[in-house]
Amino acid sequence: RVVFQQRRQQMAWALGVPAIAVHHMEGHLLAPLLEDDPPKPPFVALLVSGGHSMLVEVKAIGQYHILGDTLDDAAGEAFDKTAKLMGLPYPGGPALAKLAEQGTSGAYRFSRPMTDRPGLDFSFSGLKTQVLLAWQKSDQSEQTRADIARGFEEAIVDTLVIKCRRALDAAGAERLVIA
């Protein structure tokens, strides 16, 4: 990390520009502001990136309040790990999502994690376990694999939607930005 900071400073000096440190998640948060018609604060942002699922109230640039965060597996991480459990190739998330397109909605219904209690945090490790058990008990056919993938994807999406609605209510915001 220190080496990277030194390299960043050297590169900025060589280019004659300032080096400005930005937190990785703030980079995701601010990326939509580069659009032609950027969202104007205040808004709630859903940040879904690899190891993070986070809901952030954005009052202004630099004025953030974390409403909910990842407690264990984030949504993207759960996609990759679940795909691996089901024998899909890496990167697992896109492979699982593609497979889910062939699945039958409602054939497998998994819980919507942490939506039965107050709070806006995320936890997808239990969902991953539910999928593993369903897969192990199944006939492991291609259609069943697709049906389980569909049920898993629906559970993740429903959970994100439920939490986003709650976050908008909690923040009194009208806009949701997904980054």
# chains A, B, ... in the order shown; residues from 1 in each chain; ligands from 1
>>> select_by_dssp(residues="chain A", states="strand (DSSP E)", output="JSON, numbers by chain")
{"A": [43, 44, 45, 46, 47, 48, 49, 52, 53, 54, 55, 56, 57, 58, 59, 60, 63, 64, 65, 66, 67, 68, 176, 177, 178]}
>>> write_last_selection(atoms="C-alpha atoms", output="short mmCIF file (atom, residue, chain, number, x, y, z; two decimals), in the first residue's frame")
data_model
loop_
_atom_site.label_atom_id
_atom_site.label_comp_id
_atom_site.auth_asym_id
_atom_site.auth_seq_id
_atom_site.Cartn_x
_atom_site.Cartn_y
_atom_site.Cartn_z
CA PHE A 43 -30.16 10.45 -3.03
CA VAL A 44 -29.62 6.93 -1.76
CA ALA A 45 -26.96 4.87 -3.50
CA LEU A 46 -26.85 1.10 -3.73
CA LEU A 47 -23.22 0.10 -4.16
CA VAL A 48 -22.82 -3.46 -5.41
CA SER A 49 -19.20 -4.27 -6.12
CA HIS A 52 -19.48 -4.99 -1.06
CA SER A 53 -23.21 -4.47 -0.88
CA MET A 54 -23.83 -1.09 0.68
CA LEU A 55 -26.61 1.47 0.98
CA VAL A 56 -25.42 5.05 1.39
CA GLU A 57 -27.37 8.24 1.94
CA VAL A 58 -25.71 10.98 -0.12
CA LYS A 59 -26.55 14.47 1.08
CA ALA A 60 -23.82 16.11 -1.01
CA GLN A 63 -21.41 14.05 2.92
CA TYR A 64 -22.33 10.39 3.24
CA HIS A 65 -24.14 8.28 5.79
CA ILE A 66 -23.89 4.49 5.54
CA LEU A 67 -27.37 3.07 6.02
CA GLY A 68 -26.54 -0.58 5.45
CA LEU A 176 -31.98 5.75 -5.94
CA VAL A 177 -28.62 5.54 -7.70
CA ILE A 178 -27.14 2.11 -8.42
#
>>> select_by_dssp(residues="chain A", states="alpha helix (DSSP H)", output="ChimeraX atom specification")
/A:2-15,24-30,75-85,92-100,125-137,142-171
>>> atom_distance(atom1="atom CA of Thr70 of chain A", atom2="atom CA of Ala134 of chain A")
24.1 Å
>>> closest_residue(among="A:Ala78, A:Leu33, A:Ala179, A:Val157", to="Gln130 of chain A", atoms="only C-alpha atoms")
A:Ala78
>>> atom_distance(atom1="atom CA of Gly76 of chain A", atom2="atom CA of Gly51 of chain A")
6.6 Å
>>> closest_atom_pairs(of="segment 14-109 of chain A", to="segment 141-147 of chain A", cutoff="12 Å", atoms="only C-alpha atoms", output="CSV")
residue,atom,partner,partner_atom,distance
A:Thr82,CA,A:Arg145,CA,11.2
A:Ala83,CA,A:Arg145,CA,10.0
A:Leu85,CA,A:Arg145,CA,10.9
A:Met86,CA,A:Arg145,CA,7.4
A:Gly87,CA,A:Arg145,CA,9.6
A:Leu88,CA,A:Arg145,CA,9.8
A:Ala95,CA,A:Ala146,CA,10.6
A:Leu96,CA,A:Ala146,CA,8.3
A:Ala97,CA,A:Ala146,CA,9.3
A:Lys98,CA,A:Ala146,CA,8.9
A:Leu99,CA,A:Ala146,CA,5.3
A:Ala100,CA,A:Ala146,CA,5.2
A:Glu101,CA,A:Ala146,CA,7.5
A:Gln102,CA,A:Ala146,CA,5.7
A:Gly103,CA,A:Asp147,CA,4.0
A:Thr104,CA,A:Asp147,CA,5.2
A:Ser105,CA,A:Asp147,CA,7.1
A:Gly106,CA,A:Asp147,CA,8.1
A:Ala107,CA,A:Asp147,CA,5.9
A:Tyr108,CA,A:Asp147,CA,6.4
A:Arg109,CA,A:Asp147,CA,9.5
>>> closest_residue(among="A:Met25, A:Val17, A:Met11, A:Leu120", to="Ala167 of chain A", atoms="only C-alpha atoms")
A:Leu120
